[in-house]
>>> print(open('start_19.cif').read())   # mmCIF, C-alpha atoms and all ligand atoms
data_run
#
loop_
_atom_site.label_atom_id
_atom_site.label_comp_id
_atom_site.auth_asym_id
_atom_site.auth_seq_id
_atom_site.Cartn_x
_atom_site.Cartn_y
_atom_site.Cartn_z
CA MET A 11 -49.35 -48.66 -218.32
CA LYS A 12 -46.66 -46.44 -216.83
CA TYR A 13 -47.57 -42.88 -215.99
CA LYS A 14 -45.11 -40.09 -216.62
CA PHE A 15 -45.24 -39.01 -212.99
CA GLU A 16 -44.84 -41.16 -209.89
CA GLN A 17 -47.40 -38.87 -208.25
CA PRO A 18 -50.02 -37.06 -210.34
CA ILE A 19 -50.31 -33.28 -210.38
CA ILE A 20 -52.97 -32.41 -207.81
CA GLY A 21 -55.05 -29.36 -208.68
CA LYS A 22 -57.43 -27.64 -206.24
CA ILE A 23 -59.76 -24.66 -206.41
CA GLY A 24 -61.76 -22.96 -203.68
CA THR A 25 -64.12 -20.00 -203.89
CA ASP A 26 -61.38 -17.40 -204.44
CA LYS A 27 -61.95 -16.63 -208.14
CA TYR A 28 -60.08 -18.29 -210.01
CA LYS A 29 -57.02 -19.16 -208.00
CA CYS A 30 -55.93 -22.80 -208.37
CA THR A 31 -53.11 -24.57 -206.61
CA LEU A 32 -51.19 -27.17 -208.54
CA GLU A 33 -49.12 -29.50 -206.40
CA TRP A 34 -46.17 -30.96 -208.27
CA ARG A 35 -43.27 -33.13 -207.11
CA ASN A 36 -41.26 -30.26 -205.67
CA GLY A 37 -43.74 -27.62 -204.57
CA VAL A 38 -46.94 -25.76 -205.36
CA LEU A 39 -47.71 -23.52 -208.33
CA ILE A 40 -50.55 -21.03 -208.44
CA SER A 41 -52.57 -20.53 -211.58
CA ASP A 42 -55.30 -17.95 -212.07
CA GLU A 43 -57.30 -16.15 -214.72
CA PRO A 44 -56.55 -12.64 -215.95
CA GLU A 45 -58.61 -9.79 -214.52
CA ASP A 46 -60.70 -9.43 -217.68
CA THR A 47 -62.11 -12.92 -217.15
CA GLY A 48 -62.75 -12.37 -213.45
CA GLY A 49 -59.49 -13.59 -211.88
CA LYS A 50 -56.70 -11.72 -210.12
CA ASP A 51 -53.84 -12.80 -212.39
CA LEU A 52 -51.96 -14.31 -209.43
CA GLY A 53 -50.32 -16.89 -211.68
CA PRO A 54 -50.30 -18.11 -215.25
CA ASP A 55 -53.67 -19.00 -216.78
CA PRO A 56 -54.13 -22.43 -218.42
CA TYR A 57 -53.25 -21.14 -221.93
CA THR A 58 -50.07 -19.56 -220.58
CA LEU A 59 -49.13 -22.81 -218.84
CA LEU A 60 -49.60 -24.70 -222.10
CA VAL A 61 -47.62 -22.21 -224.17
CA GLY A 62 -44.96 -21.97 -221.42
CA SER A 63 -44.59 -25.72 -221.50
CA VAL A 64 -43.93 -25.57 -225.26
CA ALA A 65 -41.34 -22.81 -224.73
CA SER A 66 -39.44 -24.55 -221.94
CA CYS A 67 -39.47 -27.94 -223.65
CA ALA A 68 -38.05 -26.43 -226.85
CA LEU A 69 -35.34 -24.59 -224.92
CA VAL A 70 -34.33 -27.62 -222.83
CA THR A 71 -34.24 -29.86 -225.90
CA MET A 72 -31.99 -27.39 -227.72
CA ARG A 73 -29.75 -26.93 -224.70
CA MET A 74 -29.29 -30.70 -224.30
CA TYR A 75 -28.31 -30.95 -227.96
CA ILE A 76 -25.93 -27.98 -227.71
CA ASP A 77 -24.25 -29.45 -224.64
CA ARG A 78 -23.82 -32.81 -226.36
CA LYS A 79 -22.22 -31.08 -229.33
CA GLY A 80 -20.03 -28.93 -227.06
CA TRP A 81 -21.09 -25.76 -228.89
CA ASP A 82 -20.48 -22.43 -227.19
CA ILE A 83 -23.95 -20.85 -227.23
CA PRO A 84 -24.54 -18.76 -224.10
CA PHE A 85 -28.25 -18.08 -224.57
CA ILE A 86 -31.27 -18.71 -226.74
CA GLN A 87 -34.57 -16.87 -226.65
CA ILE A 88 -37.89 -18.21 -227.82
CA LYS A 89 -41.24 -16.46 -228.16
CA VAL A 90 -44.27 -18.72 -228.27
CA ASN A 91 -47.86 -17.84 -228.98
CA LEU A 92 -50.93 -19.54 -230.36
CA TYR A 93 -54.02 -18.75 -232.35
CA GLN A 94 -57.05 -20.69 -233.39
CA ASP A 95 -58.28 -20.81 -236.94
CA ILE A 96 -60.31 -22.85 -239.37
CA LEU A 97 -57.95 -24.72 -241.68
CA ASN A 98 -59.24 -27.21 -244.27
CA ASP A 99 -62.72 -26.80 -242.72
CA ARG A 100 -61.46 -27.95 -239.32
CA PRO A 101 -60.92 -25.90 -236.15
CA THR A 102 -57.14 -25.89 -235.74
CA THR A 103 -54.76 -24.50 -233.14
CA VAL A 104 -51.55 -23.05 -234.54
CA ILE A 105 -48.58 -22.64 -232.19
CA ASP A 106 -45.82 -20.33 -233.39
CA ARG A 107 -42.28 -20.59 -232.01
CA ASP A 108 -39.98 -17.67 -232.87
CA ILE A 109 -36.37 -18.46 -231.98
CA ILE A 110 -33.69 -15.83 -231.55
CA PHE A 111 -30.11 -17.12 -231.60
CA PRO A 112 -26.93 -15.13 -230.92
CA GLU A 113 -25.39 -13.73 -234.12
CA THR A 114 -22.31 -15.94 -233.68
CA LEU A 115 -24.19 -19.10 -234.77
CA THR A 116 -23.62 -20.48 -238.25
CA GLU A 117 -26.60 -21.01 -240.56
CA GLU A 118 -26.00 -24.73 -240.27
CA GLN A 119 -26.26 -24.63 -236.47
CA LYS A 120 -29.47 -22.59 -236.66
CA VAL A 121 -31.06 -25.03 -239.09
CA LYS A 122 -30.06 -27.99 -236.94
CA LEU A 123 -31.47 -26.41 -233.78
CA LYS A 124 -34.70 -25.56 -235.57
CA GLU A 125 -34.98 -29.21 -236.53
CA ILE A 126 -34.26 -30.28 -232.94
CA THR A 127 -36.97 -27.96 -231.65
CA SER A 128 -39.57 -29.76 -233.71
CA LEU A 129 -38.57 -33.01 -231.99
CA CYS A 130 -39.17 -31.78 -228.44
CA PRO A 131 -41.34 -34.19 -226.42
CA ILE A 132 -44.13 -31.70 -225.75
CA SER A 133 -44.53 -30.91 -229.48
CA LYS A 134 -44.69 -34.60 -230.17
CA ILE A 135 -47.43 -35.05 -227.59
CA LEU A 136 -49.45 -32.14 -228.94
CA GLU A 137 -49.07 -33.22 -232.55
CA ALA A 138 -50.09 -36.83 -231.88
CA ASP A 139 -53.54 -38.09 -230.91
CA ILE A 140 -54.51 -37.17 -227.37
CA LYS A 141 -57.28 -38.85 -225.46
CA PHE A 142 -58.71 -37.52 -222.22
CA ARG A 143 -60.16 -39.85 -219.63
CA THR A 144 -62.09 -38.41 -216.69
CA PHE A 145 -63.07 -40.41 -213.62
CA ILE A 146 -65.21 -39.48 -210.66
CA PHE A 147 -64.49 -40.77 -207.18
CA LYS A 148 -67.61 -42.24 -205.61
CA THR A 149 -68.47 -42.95 -202.00
CA GLY A 150 -71.41 -44.55 -200.27
CA GLU A 151 -72.91 -47.93 -199.66
CA THR A 152 -73.23 -50.40 -202.50
CA LYS A 153 -72.66 -54.07 -203.12
CA THR A 154 -69.17 -55.01 -201.91
CA ILE A 155 -67.15 -58.13 -202.63
CA LYS A 156 -64.30 -58.98 -200.27
CA TYR A 157 -61.01 -60.69 -201.07
CA GLY A 158 -58.74 -61.30 -198.13
CA ASN A 159 -56.08 -63.22 -196.30
CA GLU A 160 -54.98 -63.10 -192.68
CA GLU A 161 -53.26 -59.78 -193.13
CA ILE A 162 -55.50 -57.71 -195.39
CA THR A 163 -58.96 -57.42 -196.90
CA ILE A 164 -59.52 -55.81 -200.28
CA ARG A 165 -63.06 -54.54 -200.72
CA TRP A 166 -64.29 -54.12 -204.31
CA ARG A 167 -67.48 -52.33 -205.26
CA PRO A 168 -68.26 -53.42 -208.83
CA GLU A 169 -70.91 -50.75 -209.37
CA PHE A 170 -68.35 -48.00 -208.69
CA CYS A 171 -65.65 -49.41 -211.00
CA GLN A 172 -65.09 -47.15 -214.03
CA HIS A 173 -62.77 -49.57 -215.79
CA SER A 174 -59.75 -47.30 -215.76
CA THR A 175 -57.60 -50.47 -216.16
CA ARG A 176 -55.15 -48.90 -213.71
CA CYS A 177 -55.15 -51.67 -211.09
CA TRP A 178 -54.73 -54.61 -213.43
CA LYS A 179 -52.27 -52.95 -215.77
CA GLN A 180 -50.08 -51.71 -212.93
CA LEU A 181 -50.33 -54.68 -210.55
CA PRO A 182 -51.35 -57.74 -212.59
CA GLN A 183 -50.04 -60.12 -209.91
CA VAL A 184 -52.98 -59.02 -207.76
CA PHE A 185 -55.66 -57.79 -210.17
CA ASN A 186 -56.51 -60.08 -213.08
CA PRO A 187 -59.88 -59.42 -214.73
CA SER A 188 -59.58 -62.50 -216.96
CA VAL A 189 -60.29 -64.85 -214.04
CA LYS A 190 -63.46 -65.05 -211.95
CA HIS A 191 -61.81 -64.58 -208.55
CA TRP A 192 -60.04 -61.58 -210.01
CA ILE A 193 -58.29 -60.16 -206.96
CA ASN A 194 -55.48 -62.15 -205.33
CA PRO A 195 -54.52 -60.58 -201.97
CA ASP A 196 -51.43 -62.82 -201.80
CA GLY A 197 -50.05 -61.57 -205.13
CA ALA A 198 -47.91 -58.72 -203.74
CA PRO A 199 -46.80 -57.29 -200.38
CA ALA A 200 -49.62 -55.59 -198.48
CA GLU A 201 -47.91 -52.21 -198.68
CA ARG A 202 -47.71 -52.35 -202.47
CA ILE A 203 -51.35 -53.41 -202.74
CA HIS A 204 -52.37 -50.57 -200.45
CA GLU A 205 -50.43 -48.10 -202.56
CA GLN A 206 -52.07 -49.41 -205.76
CA ILE A 207 -55.52 -49.11 -204.23
CA THR A 208 -54.90 -45.43 -203.46
CA ARG A 209 -54.52 -44.95 -207.24
CA CYS A 210 -58.02 -46.28 -208.02
CA PRO A 211 -59.86 -43.22 -209.36
CA SER A 212 -63.40 -44.46 -208.77
CA GLY A 213 -63.58 -45.48 -205.12
CA ALA A 214 -64.25 -49.06 -206.21
CA LEU A 215 -61.30 -50.42 -204.23
CA GLU A 216 -60.71 -50.17 -200.52
CA PHE A 217 -57.86 -51.55 -198.46
CA VAL A 218 -58.38 -52.80 -194.92
CA SER A 219 -55.57 -54.02 -192.69
CA ASN A 220 -56.93 -56.94 -190.67
CA LYS A 221 -54.24 -56.37 -188.07
CA GLU A 222 -55.36 -52.80 -187.39
CA LYS A 223 -59.00 -53.95 -187.37
CA THR A 224 -58.25 -56.56 -184.69
CA GLU A 225 -56.26 -54.11 -182.58
S1 LIG A 301 -58.41 -49.05 -210.68
FE1 LIG A 301 -60.47 -48.96 -209.79
S2 LIG A 301 -61.72 -48.09 -211.41
FE2 LIG A 301 -59.87 -48.80 -212.37
S3 LIG A 301 -60.34 -50.87 -213.06
FE3 LIG A 301 -59.39 -51.03 -211.05
S4 LIG A 301 -61.14 -51.07 -209.65
FE4 LIG A 301 -61.93 -50.31 -211.57
#
>>> encode(input="start_19.cif", output="structure tokens", more="lines below")
Ligand code: SF4
Amino acid sequence: MKYKFEQPIIGKIGTDKYKCTLEWRNGVLISDEPEDTGGKDLGPDPYTLLVGSVASCALVTMRMYIDRKGWDIPFIQIKVNLYQDILNDRPTTVIDRDIIFPETLTEEQKVKLKEITSLCPISKILEADIKFRTFIFKTGETKTIKYGNEEITIRWRPEFCQHSTRCWKQLPQVFNPSVKHWINPDGAPAERIHEQITRCPSGALEFVSNKEKTE
């Protein structure tokens, strides 16, 4: 299991309707809702973010292809929108991409770039099966099993575990659910284990440095 991002996008909302901050690898984006749904329109709403992602992915994919071919195409414009409909008795979302090329392009180039657009990674994601998994971080006292060595103690709360598979798929040298003593604190450097434990979405894992505890 390898996530797309080293660090996940972190979204937060307070009581200021409906301003959200989205922390990404190089800064913070604001999203909001339009005024007619109670927001202040301070940033793109979730539909706009989705449609914007389709637009930018199509443009970048075309530009990469154009650069590889060495074609002289100074700009491309795309208009993207979506609607929802019932098609073949099923609720379906239709996303339209209208591309405007400079007049200097040949028909062949236009056809090729249209083809390339349909191969952009975001379209592929949206056209394939998507599964959402949602985890809730828990805190509090519950049965805890400890696995440790001189340097560290890993505390595991089985009742909190939501079986995300994240720990054992990303650090199998330490987490191996196919054996009874499933956590091996000697399987990786303490720093790496600590980092992995911060990725546990349920609060089932906790890292304790025995050195700090003693001090
Ligand atoms: S990462 Fe946490 S929630 Fe996921 S399987 Fe491991 S202990 Fe359980």
>>> residues_near_ligand(input="start_19.cif", ligand="ligand LIG 301 (chain A)", cutoff="10 Å", atoms="all atoms listed in the file", output="PyMOL selection string")
chain A and resi 145-147+165-181+185-187+193+206-216
>>> atom_distance(input="start_19.cif", atom1="CA of Lys141 in chain A", atom2="CA of Lys29 in chain A")
26.3 Å
>>> residues_around(input="start_19.cif", residues="Tyr93 in chain A", least_positions_apart="4", cutoff="12 Å", atoms="all atoms listed in the file", output="number ranges by chain")
A: 57, 61, 97, 101-107
>>> atom_distance(input="start_19.cif", atom1="CA of Gly48 in chain A", atom2="CA of Asn36 in chain A")
29.0 Å
>>> residues_around(input="start_19.cif", residues="Ile20 in chain A", least_positions_apart="2", cutoff="8 Å", atoms="all atoms listed in the file", output="PyMOL selection string")
chain A and resi 18+22+31-34
>>> atom_distance(input="start_19.cif", atom1="CA of Tyr75 in chain A", atom2="CA of Thr127 in chain A")
9.9 Å
>>> closest_atom_pairs(input="start_19.cif", of="range 106-185 of chain A", to="range 64-70 of chain A", cutoff="10 Å", atoms="all atoms listed in the file", output="CSV")
residue,atom,partner,partner_atom,distance
A:Asp106,CA,A:Val64,CA,9.9
A:Arg107,CA,A:Ala65,CA,7.7
A:Asp108,CA,A:Ala65,CA,9.7
A:Ile109,CA,A:Leu69,CA,9.4
A:Leu123,CA,A:Ala68,CA,9.6
A:Lys124,CA,A:Ala68,CA,9.4
A:Ile126,CA,A:Ala68,CA,8.1
A:Thr127,CA,A:Ala68,CA,5.2
A:Ser128,CA,A:Ala68,CA,7.8
A:Leu129,CA,A:Ala68,CA,8.4
A:Cys130,CA,A:Ala68,CA,5.7
A:Pro131,CA,A:Cys67,CA,7.1
A:Ile132,CA,A:Val64,CA,6.2
A:Ser133,CA,A:Val64,CA,6.8
A:Leu136,CA,A:Val64,CA,9.3
>>> closest_residue(input="start_19.cif", among="A:Thr144, A:Lys221, A:Lys134, A:Arg100", to="Asn159 in chain A", atoms="all atoms listed in the file")
A:Lys221
>>> residues_near_point(input="start_19.cif", point="(-47.4, -62.8, -204.5)", cutoff="12 Å", atoms="all atoms listed in the file", output="PyMOL selection string")
chain A and resi 159+181-185+193-200+202-203
>>> closest_residue(input="start_19.cif", among="A:Asp77, A:Glu16, A:Glu222, A:Asp139", to="Ile162 in chain A", atoms="all atoms listed in the file")
A:Glu222
>>> build_atoms(input="start_19.cif", residues="range 33-64 of chain A", atoms="N, CA and C atoms", output="PDB file, in the frame of the given file")
ATOM      1  N   GLU A  33     -50.224 -28.878-207.152  1.00  0.00           N
ATOM      2  CA  GLU A  33     -49.120 -29.500-206.400  1.00  0.00           C
ATOM      3  C   GLU A  33     -48.324 -30.380-207.348  1.00  0.00           C
ATOM      4  N   TRP A  34     -47.037 -30.133-207.438  1.00  0.00           N
ATOM      5  CA  TRP A  34     -46.170 -30.960-208.270  1.00  0.00           C
ATOM      6  C   TRP A  34     -45.078 -31.544-207.390  1.00  0.00           C
ATOM      7  N   ARG A  35     -44.173 -32.340-207.954  1.00  0.00           N
ATOM      8  CA  ARG A  35     -43.270 -33.130-207.110  1.00  0.00           C
ATOM      9  C   ARG A  35     -42.384 -32.300-206.190  1.00  0.00           C
ATOM     10  N   ASN A  36     -42.194 -31.022-206.481  1.00  0.00           N
ATOM     11  CA  ASN A  36     -41.260 -30.260-205.670  1.00  0.00           C
ATOM     12  C   ASN A  36     -41.848 -28.942-205.169  1.00  0.00           C
ATOM     13  N   GLY A  37     -43.157 -28.852-205.084  1.00  0.00           N
ATOM     14  CA  GLY A  37     -43.740 -27.620-204.570  1.00  0.00           C
ATOM     15  C   GLY A  37     -45.152 -27.385-205.058  1.00  0.00           C
ATOM     16  N   VAL A  38     -45.564 -26.120-204.966  1.00  0.00           N
ATOM     17  CA  VAL A  38     -46.940 -25.760-205.360  1.00  0.00           C
ATOM     18  C   VAL A  38     -46.884 -24.554-206.288  1.00  0.00           C
ATOM     19  N   LEU A  39     -47.600 -24.640-207.394  1.00  0.00           N
ATOM     20  CA  LEU A  39     -47.710 -23.520-208.330  1.00  0.00           C
ATOM     21  C   LEU A  39     -49.109 -22.921-208.181  1.00  0.00           C
ATOM     22  N   ILE A  40     -49.206 -21.629-208.445  1.00  0.00           N
ATOM     23  CA  ILE A  40     -50.550 -21.030-208.440  1.00  0.00           C
ATOM     24  C   ILE A  40     -50.903 -20.686-209.876  1.00  0.00           C
ATOM     25  N   SER A  41     -52.107 -21.023-210.282  1.00  0.00           N
ATOM     26  CA  SER A  41     -52.570 -20.530-211.580  1.00  0.00           C
ATOM     27  C   SER A  41     -53.829 -19.708-211.322  1.00  0.00           C
ATOM     28  N   ASP A  42     -54.151 -18.856-212.264  1.00  0.00           N
ATOM     29  CA  ASP A  42     -55.300 -17.950-212.070  1.00  0.00           C
ATOM     30  C   ASP A  42     -55.807 -17.555-213.452  1.00  0.00           C
ATOM     31  N   GLU A  43     -56.808 -16.720-213.463  1.00  0.00           N
ATOM     32  CA  GLU A  43     -57.300 -16.150-214.720  1.00  0.00           C
ATOM     33  C   GLU A  43     -56.946 -14.667-214.727  1.00  0.00           C
ATOM     34  N   PRO A  44     -56.802 -14.077-215.915  1.00  0.00           N
ATOM     35  CA  PRO A  44     -56.550 -12.640-215.950  1.00  0.00           C
ATOM     36  C   PRO A  44     -57.762 -11.853-215.418  1.00  0.00           C
ATOM     37  N   GLU A  45     -57.527 -10.581-215.111  1.00  0.00           N
ATOM     38  CA  GLU A  45     -58.610  -9.790-214.520  1.00  0.00           C
ATOM     39  C   GLU A  45     -59.809  -9.665-215.454  1.00  0.00           C
ATOM     40  N   ASP A  46     -59.556  -9.622-216.779  1.00  0.00           N
ATOM     41  CA  ASP A  46     -60.700  -9.430-217.680  1.00  0.00           C
ATOM     42  C   ASP A  46     -61.609 -10.664-217.777  1.00  0.00           C
ATOM     43  N   THR A  47     -61.172 -11.778-217.212  1.00  0.00           N
ATOM     44  CA  THR A  47     -62.110 -12.920-217.150  1.00  0.00           C
ATOM     45  C   THR A  47     -62.488 -13.213-215.696  1.00  0.00           C
ATOM     46  N   GLY A  48     -62.246 -12.245-214.817  1.00  0.00           N
ATOM     47  CA  GLY A  48     -62.750 -12.370-213.450  1.00  0.00           C
ATOM     48  C   GLY A  48     -61.737 -12.847-212.429  1.00  0.00           C
ATOM     49  N   GLY A  49     -60.510 -13.148-212.834  1.00  0.00           N
ATOM     50  CA  GLY A  49     -59.490 -13.590-211.880  1.00  0.00           C
ATOM     51  C   GLY A  49     -58.670 -12.439-211.349  1.00  0.00           C
ATOM     52  N   LYS A  50     -57.589 -12.786-210.654  1.00  0.00           N
ATOM     53  CA  LYS A  50     -56.700 -11.720-210.120  1.00  0.00           C
ATOM     54  C   LYS A  50     -55.314 -11.814-210.727  1.00  0.00           C
ATOM     55  N   ASP A  51     -55.132 -12.666-211.698  1.00  0.00           N
ATOM     56  CA  ASP A  51     -53.840 -12.800-212.390  1.00  0.00           C
ATOM     57  C   ASP A  51     -52.690 -13.138-211.422  1.00  0.00           C
ATOM     58  N   LEU A  52     -52.984 -13.970-210.437  1.00  0.00           N
ATOM     59  CA  LEU A  52     -51.960 -14.310-209.430  1.00  0.00           C
ATOM     60  C   LEU A  52     -50.923 -15.298-209.977  1.00  0.00           C
ATOM     61  N   GLY A  53     -51.241 -15.917-211.075  1.00  0.00           N
ATOM     62  CA  GLY A  53     -50.320 -16.890-211.680  1.00  0.00           C
ATOM     63  C   GLY A  53     -50.735 -17.097-213.122  1.00  0.00           C
ATOM     64  N   PRO A  54     -49.972 -17.900-213.850  1.00  0.00           N
ATOM     65  CA  PRO A  54     -50.300 -18.110-215.250  1.00  0.00           C
ATOM     66  C   PRO A  54     -51.670 -18.786-215.423  1.00  0.00           C
ATOM     67  N   ASP A  55     -52.382 -18.365-216.464  1.00  0.00           N
ATOM     68  CA  ASP A  55     -53.670 -19.000-216.780  1.00  0.00           C
ATOM     69  C   ASP A  55     -53.388 -20.302-217.554  1.00  0.00           C
ATOM     70  N   PRO A  56     -54.378 -21.140-217.757  1.00  0.00           N
ATOM     71  CA  PRO A  56     -54.130 -22.430-218.420  1.00  0.00           C
ATOM     72  C   PRO A  56     -53.495 -22.309-219.814  1.00  0.00           C
ATOM     73  N   TYR A  57     -53.889 -21.295-220.598  1.00  0.00           N
ATOM     74  CA  TYR A  57     -53.250 -21.140-221.930  1.00  0.00           C
ATOM     75  C   TYR A  57     -51.764 -20.811-221.768  1.00  0.00           C
ATOM     76  N   THR A  58     -51.468 -19.943-220.801  1.00  0.00           N
ATOM     77  CA  THR A  58     -50.070 -19.560-220.580  1.00  0.00           C
ATOM     78  C   THR A  58     -49.250 -20.769-220.134  1.00  0.00           C
ATOM     79  N   LEU A  59     -49.848 -21.602-219.278  1.00  0.00           N
ATOM     80  CA  LEU A  59     -49.130 -22.810-218.840  1.00  0.00           C
ATOM     81  C   LEU A  59     -48.820 -23.706-220.034  1.00  0.00           C
ATOM     82  N   LEU A  60     -49.799 -23.838-220.928  1.00  0.00           N
ATOM     83  CA  LEU A  60     -49.600 -24.700-222.100  1.00  0.00           C
ATOM     84  C   LEU A  60     -48.494 -24.133-222.999  1.00  0.00           C
ATOM     85  N   VAL A  61     -48.596 -22.838-223.288  1.00  0.00           N
ATOM     86  CA  VAL A  61     -47.620 -22.210-224.170  1.00  0.00           C
ATOM     87  C   VAL A  61     -46.234 -22.178-223.489  1.00  0.00           C
ATOM     88  N   GLY A  62     -46.221 -21.959-222.167  1.00  0.00           N
ATOM     89  CA  GLY A  62     -44.960 -21.970-221.420  1.00  0.00           C
ATOM     90  C   GLY A  62     -44.304 -23.338-221.471  1.00  0.00           C
ATOM     91  N   SER A  63     -45.115 -24.372-221.431  1.00  0.00           N
ATOM     92  CA  SER A  63     -44.590 -25.720-221.500  1.00  0.00           C
ATOM     93  C   SER A  63     -43.908 -25.960-222.863  1.00  0.00           C
ATOM     94  N   VAL A  64     -44.529 -25.444-223.921  1.00  0.00           N
ATOM     95  CA  VAL A  64     -43.930 -25.570-225.260  1.00  0.00           C
ATOM     96  C   VAL A  64     -42.600 -24.826-225.303  1.00  0.00           C
TER      97      VAL A  64
END
